[in-house]
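A short worksheet on the structure shown next.
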Amino acid sequence: MTEIIDGDAVAAEIRDELREGIEALADAGERPGLATVLMSDDPASETYVSMKQRDCEEVGIEGVNVELDADAPAEELYDTVEELNDDPEVHGILVQMPVPDHVDDRRVLRSIDPEKDVDGFHPENVGRMVAGDARFKPCTPHGVQKLLEAADVETEGAEAVVVGRSDIVGKPMANLLVQKAPLGNATTTVCHSRTEDLAAHTRRADVVIAAAGVPEMIDGSMLTEGATVIDVGVNRVEADTEKGYELVGDVDFESATGTAGAITPVPGGVGPMTRAMLLYNTVKAASRQSGVAVDLP
Ligand SMILES: NC(=O)c1ccc[n+]([C@@H]2O[C@H](COP(=O)([O-])OP(=O)(O)OC[C@H]3O[C@@H](n4cnc5c(N)ncnc54)[C@H](OP(=O)(O)O)[C@@H]3O)[C@@H](O)[C@H]2O)c1
């Protein structure tokens, strides 16, 4: 029997526990604040930002969204980040990526105050995570760790294979898995588009983390019996639905179920966890900046 790891349920538990932290902050006269910045006309980016704002409202975080025209001068975005850095009511800043081509995205990420960098993408925060002293773990890999914990998956001594090496998912994921720390201590392999014989790697993995952005590229024949499969991929594929498409992961869910010991669905697996961990980092940021201690889940 394959266990379906319910990301919606785990995320709901984390939000409940965060509410207690938010109450503790409120008792001390503090309200966590998250600023999102949207400089894009892309409907998907607009949806992501509005979901993040809705999540904030739901748990009692003060959410503000700054919208900039996609063709506004880059300086407007740089200045916005500086203003938010200086705003004491804003504890976390998230600039929705991708930004337009005329904006230097590296400059944007570097200009966010590392104490407010709730995405965890500032080089200082990346360095701290690699050194085993994370300030803010990036939301998606952190969410994956929480799913592994909730499903009682032992990573210590396990063979883990991460498919994908992006800065936001694959690399930090692999890094967390090799840390000498709880939910780490895995023997970790990172695969990517130049990997020869991907299946040879995934087949010996106790834990497979798929983050390639290629619809259903990993099927049951590429897995070992009983493996834990975490599917980060979110891919739109044409389908006979009202919207004309459906979302599928990087794993062929049907064929993987049966071989895998546990698997996350898409949607309803990693996605809700990424959102929950952004709230987590915002509460942590507010706690650090205010000096009010809170218990984090
Ligand atoms: N659920 C969530 O919350 C969440 C969050 C973030 C991302 N995602 C999804 O996760 C997926 C990955 O996102 P990303 O931002 O990391 O994507 P990305 O920046 O496009 O990186 C994809 C990675 O996969 C590798 N790759 C591509 N094709 C491959 C293949 N055939 N075999 C092996 N490796 C291959 C690429 O290798 P190279 O480096 O060699 O090009 C790259 O390292 C996407 O579907 C995205 O929508 C979901």
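All residue names refer to the structure tokens as shown: chains lettered A, B, ... in order, residues numbered from 1 in each chain, ligands numbered from 1 in order.
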
Determine, for each residue of chain A having at least one atom at most 8 Å from an atom of ligand 1, the closest pair of atoms and their separation in Å to one decimal, counting only C-alpha atoms and all ligand atoms; order by chain and ascending number, as a tab-separated table.
residue	atom	partner	partner_atom_place_in_ligand_line	distance
A:Cys139	CA	ligand 1	3 (O)	7.9
A:Thr140	CA	ligand 1	3 (O)	5.5
A:Val163	CA	ligand 1	34 (N)	5.4
A:Gly164	CA	ligand 1	24 (O)	3.5
A:Arg165	CA	ligand 1	43 (O)	3.6
A:Ser166	CA	ligand 1	16 (O)	4.4
A:Asp167	CA	ligand 1	16 (O)	6.9
A:Ile168	CA	ligand 1	16 (O)	5.8
A:Val169	CA	ligand 1	16 (O)	4.7
A:Gly170	CA	ligand 1	16 (O)	5.9
A:Cys191	CA	ligand 1	33 (C)	5.7
A:His192	CA	ligand 1	34 (N)	3.3
A:Ser193	CA	ligand 1	35 (C)	3.8
A:Arg194	CA	ligand 1	40 (O)	5.5
A:Thr195	CA	ligand 1	33 (C)	6.4
A:Leu198	CA	ligand 1	33 (C)	6.8
A:Ala210	CA	ligand 1	11 (C)	7.7
A:Ala211	CA	ligand 1	12 (C)	4.2
A:Ala212	CA	ligand 1	24 (O)	3.2
A:Gly213	CA	ligand 1	45 (O)	3.2
A:Val214	CA	ligand 1	28 (N)	5.9
A:Pro215	CA	ligand 1	45 (O)	7.7
A:Met217	CA	ligand 1	31 (N)	7.1
A:Asp231	CA	ligand 1	1 (N)	7.8
A:Val232	CA	ligand 1	10 (O)	4.7
A:Gly233	CA	ligand 1	45 (O)	3.5
A:Val234	CA	ligand 1	45 (O)	4.0
A:Asn235	CA	ligand 1	45 (O)	5.2
A:Gly249	CA	ligand 1	45 (O)	6.9
A:Asp250	CA	ligand 1	45 (O)	6.9
A:Pro267	CA	ligand 1	1 (N)	8.0
A:Gly269	CA	ligand 1	1 (N)	7.3
A:Val270	CA	ligand 1	1 (N)	4.6
A:Gly271	CA	ligand 1	1 (N)	3.6
A:Pro272	CA	ligand 1	3 (O)	6.8
A:Met273	CA	ligand 1	3 (O)	6.9
A:Thr274	CA	ligand 1	3 (O)	4.7
A:Arg275	CA	ligand 1	3 (O)	7.1

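Taking only C-alpha atoms, the non-local environment of region 132-134 of chain A within 9 Å (same-chain residues fewer than 3 positions away omitted) comprises Gly120, Asn125, Val126, Gly127, Arg128, Met129, Lys137, Leu176, Gln179, Lys180 and Ala181 of chain A.
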
Please produce a file of the residues just selected, as a compact mmCIF listing (two decimals), in the first residue's frame, where the atoms kept are C-alpha atoms.
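Generated output (again-v1.txt):
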# COMPACT_ATOMS: atom_id res chain seq x y z
CA GLY A 120 16.04 32.77 2.02
CA ASN A 125 21.21 33.46 4.03
CA VAL A 126 22.29 30.89 1.43
CA GLY A 127 25.75 30.89 3.03
CA ARG A 128 24.35 30.50 6.52
CA MET A 129 22.20 27.58 5.43
CA LYS A 137 15.46 28.00 5.06
CA LEU A 176 19.53 20.35 3.67
CA GLN A 179 23.45 18.53 6.69
CA LYS A 180 24.57 16.78 9.86
CA ALA A 181 21.21 17.58 11.41

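Across region 183-266 of chain A, DSSP run on the backbone finds alpha helix (DSSP H) at A:Leu198, A:Ala199, A:Ala200, A:His201, A:Thr202, A:Phe253, A:Glu254, A:Ser255, A:Ala256.
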
(request) Using only C-alpha atoms, pick whichever of A:Glu82, A:Ala285, A:Pro182, A:Leu278 has the shortest atom-to-atom distance to Val49 (chain A). (result)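 Of A:Glu82, A:Ala285, A:Pro182, A:Leu278, the one nearest Val49 (chain A) is A:Leu278, counting only C-alpha atoms.
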
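Of the residues listed (A:Leu183, A:Met277, A:Ala26, A:Val103), A:Ala26 shows the shortest atom-to-atom separation from Gly60 (chain A); distances use only C-alpha atoms.
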
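Closest approach to Arg54 (chain A) from the set A:Ala276, A:Ala72, A:Ala227, A:Leu296 is made by A:Ala276, with distances taken over only C-alpha atoms.
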
(request) Determine, counting only C-alpha atoms, which protein, DNA and RNA residues have an atom within 12 Å of an atom of Asp41 (chain A); residues of the same chain fewer than 6 positions away are not included. Present the result as a PyMOL selection string. (result) chain A and resi 47+49+67-72+96-100

Residues as selected, N, CA and C atoms, written as a PDB file, in the first residue's frame, can you do that?
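So again-v2.pdb came out as:
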ATOM      1  N   THR A  47      -1.527  35.354  -9.421  1.00  0.00           N
ATOM      2  CA  THR A  47      -2.230  34.367  -8.593  1.00  0.00           C
ATOM      3  C   THR A  47      -1.381  33.990  -7.374  1.00  0.00           C
ATOM      4  N   VAL A  49       0.872  35.702  -5.819  1.00  0.00           N
ATOM      5  CA  VAL A  49       0.911  36.800  -4.857  1.00  0.00           C
ATOM      6  C   VAL A  49      -0.413  36.903  -4.107  1.00  0.00           C
ATOM      7  N   GLU A  67       2.321  46.837  -5.972  1.00  0.00           N
ATOM      8  CA  GLU A  67       2.294  46.477  -7.395  1.00  0.00           C
ATOM      9  C   GLU A  67       2.985  47.544  -8.212  1.00  0.00           C
ATOM     10  N   LEU A  68       3.907  47.123  -9.043  1.00  0.00           N
ATOM     11  CA  LEU A  68       4.607  48.051  -9.926  1.00  0.00           C
ATOM     12  C   LEU A  68       4.311  47.659 -11.370  1.00  0.00           C
ATOM     13  N   ASP A  69       4.217  48.665 -12.255  1.00  0.00           N
ATOM     14  CA  ASP A  69       4.007  48.341 -13.672  1.00  0.00           C
ATOM     15  C   ASP A  69       5.180  47.522 -14.186  1.00  0.00           C
ATOM     16  N   ALA A  70       4.863  46.545 -15.017  1.00  0.00           N
ATOM     17  CA  ALA A  70       5.924  45.677 -15.538  1.00  0.00           C
ATOM     18  C   ALA A  70       6.929  46.466 -16.380  1.00  0.00           C
ATOM     19  N   ASP A  71       6.488  47.610 -16.941  1.00  0.00           N
ATOM     20  CA  ASP A  71       7.437  48.388 -17.759  1.00  0.00           C
ATOM     21  C   ASP A  71       7.957  49.633 -17.020  1.00  0.00           C
ATOM     22  N   ALA A  72       7.744  49.686 -15.714  1.00  0.00           N
ATOM     23  CA  ALA A  72       8.293  50.803 -14.926  1.00  0.00           C
ATOM     24  C   ALA A  72       9.825  50.680 -14.893  1.00  0.00           C
ATOM     25  N   GLN A  96       8.197  38.878  -6.006  1.00  0.00           N
ATOM     26  CA  GLN A  96       7.755  37.752  -6.825  1.00  0.00           C
ATOM     27  C   GLN A  96       8.621  37.652  -8.083  1.00  0.00           C
ATOM     28  N   MET A  97       9.208  36.486  -8.261  1.00  0.00           N
ATOM     29  CA  MET A  97      10.036  36.234  -9.444  1.00  0.00           C
ATOM     30  C   MET A  97       9.214  35.459 -10.483  1.00  0.00           C
ATOM     31  N   PRO A  98       9.478  35.571 -11.759  1.00  0.00           N
ATOM     32  CA  PRO A  98      10.534  36.402 -12.343  1.00  0.00           C
ATOM     33  C   PRO A  98      10.115  37.867 -12.458  1.00  0.00           C
ATOM     34  N   VAL A  99      11.134  38.738 -12.388  1.00  0.00           N
ATOM     35  CA  VAL A  99      10.903  40.157 -12.643  1.00  0.00           C
ATOM     36  C   VAL A  99      11.201  40.400 -14.127  1.00  0.00           C
ATOM     37  N   PRO A 100      10.742  41.534 -14.699  1.00  0.00           N
ATOM     38  CA  PRO A 100      10.986  41.767 -16.126  1.00  0.00           C
ATOM     39  C   PRO A 100      12.492  41.776 -16.450  1.00  0.00           C
TER      40      PRO A 100
END
